[in-house]
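Structure first, then comments.
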Amino acid sequence: MGPPRLLPAGDRAWLLEAPDDAGARRAPRFARELTEDPPTGVEDVLPAARTVLVTLRPGADASAVAREVLRRWASPPAADEAASAASADVVTVPVRYDGEDLADVAALLGTSPEDVVAQHTGTTWECAFVGFAPGFGYLRSPDGRLNVPRRAQSRTAVPAGAVALADGYSAVYPRRSPGGWQVIGTTAAVLWDVDAEPPALLRPGTGVRFVREEDA
């Protein structure tokens, strides 16, 4: 994994750009590290698919923040510490694999619906970033499994709790909304609750294990 690019984003932010796929997989965990232990002068940290936006407080020393961000990237935690941190924050999501697009997903991958379910439940997904709607986490698998395109025609309404796949990610729709992802199942898990602390079930770096509802 090579060094990242650190680009100015206006006069009060840096945009860290992951150098490769390994860096992109590390970005959500790195963003969480910066959030939980922010360098002096950092106001906010926001990860995306391959980047981490680091916003500075007014008057912060931008050069000093840049040096510290790059220093931390170059000094990742030990493997056992990283594994321990990841295992401490894993959410289990029970799923009924009754989605309208399950058979189509299997056909796209040249396999069976049962194998799609086995692959979906057979790994720990990681929330890379959030977006689209409150509580909507883009979940990435460590081995890039179940990579299928979006539907050719988006739906005008996808129900809350729909479990779906698209473009290398899995996700759970936190509320009823339009959407073009391939729906493979449904869950009763609540992804967004304004009365909870925090309101989002998933945040960048959270691990997710999907299980068949009958096995939960």
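Each chain of the structure tokens is named A, B, ... in the order shown, its residues numbered from 1; ligands are numbered from 1 in display order.
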(request) Quick one: everything within 12 Å of segment 105-108 of chain A, counting only C-alpha atoms, minus sequence neighbours fewer than 3 positions away in the same chain. Send it as a VMD selection string. (result) chain A and resid 99 to 102 111 to 120 146 to 151 164 to 167 181 to 185
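For Pro178 of chain A, the non-local neighbours within 10 Å, defined as residues at least 5 positions apart in the same chain or in other chains and counting only C-alpha atoms, are Ser154, Arg155, Thr156, Ala157, Val158, Pro159 and Tyr173 of chain A.
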Could you write out the selected residues, including N, CA and C atoms, as a PDB file, in the first residue's frame?
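Once everything was written out, this is again.pdb:
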```
ATOM      1  N   SER A 154     -34.606   1.841 -12.133  1.00  0.00           N
ATOM      2  CA  SER A 154     -34.766   2.063 -10.698  1.00  0.00           C
ATOM      3  C   SER A 154     -36.228   1.924 -10.287  1.00  0.00           C
ATOM      4  N   ARG A 155     -36.446   1.588  -9.040  1.00  0.00           N
ATOM      5  CA  ARG A 155     -37.793   1.536  -8.479  1.00  0.00           C
ATOM      6  C   ARG A 155     -38.158   2.908  -7.903  1.00  0.00           C
ATOM      7  N   THR A 156     -39.412   3.263  -8.010  1.00  0.00           N
ATOM      8  CA  THR A 156     -39.843   4.539  -7.433  1.00  0.00           C
ATOM      9  C   THR A 156     -39.946   4.463  -5.925  1.00  0.00           C
ATOM     10  N   ALA A 157     -40.084   3.250  -5.370  1.00  0.00           N
ATOM     11  CA  ALA A 157     -40.177   3.096  -3.921  1.00  0.00           C
ATOM     12  C   ALA A 157     -39.607   1.745  -3.507  1.00  0.00           C
ATOM     13  N   VAL A 158     -38.537   1.783  -2.733  1.00  0.00           N
ATOM     14  CA  VAL A 158     -37.959   0.585  -2.125  1.00  0.00           C
ATOM     15  C   VAL A 158     -38.332   0.631  -0.645  1.00  0.00           C
ATOM     16  N   PRO A 159     -38.880  -0.439  -0.086  1.00  0.00           N
ATOM     17  CA  PRO A 159     -39.344  -0.377   1.303  1.00  0.00           C
ATOM     18  C   PRO A 159     -38.202  -0.289   2.308  1.00  0.00           C
ATOM     19  N   TYR A 173     -31.747  -0.375   3.198  1.00  0.00           N
ATOM     20  CA  TYR A 173     -32.477   0.891   3.079  1.00  0.00           C
ATOM     21  C   TYR A 173     -33.094   1.241   4.437  1.00  0.00           C
TER      22      TYR A 173
END
```
(request) Could you tell me, as a ChimeraX atom specification, which residues of segment 10-215 of chain A DSSP assigns to alpha helix (DSSP H) when given the backbone? (result) /A:21-36,62-74,79-87,102-109,113-121
(request) Just list the residues in segment 4-202 of chain A DSSP gives strand (DSSP E or B) on the backbone, as a ChimeraX atom specification. (result) /A:5-8,13-17,42-47,51-56,90-96,125-130,137-140,155-158,162-166,169-172,177-179,182-186,192,200
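Taking atom CA of Arg72 of chain A and atom CA of Ala9 of chain A as the two end points, the separation is 19.6 Å.
Shortest atom-to-atom contact with Leu15 of chain A among A:Ala200, A:Ala31, A:Leu46, A:Leu53: A:Leu53, counting only C-alpha atoms.
Between Asp44 of chain A and the residues A:Ala22, A:Ala152, A:Leu70, A:Ala13, the shortest atom-to-atom distance, using only C-alpha atoms, involves A:Ala13.
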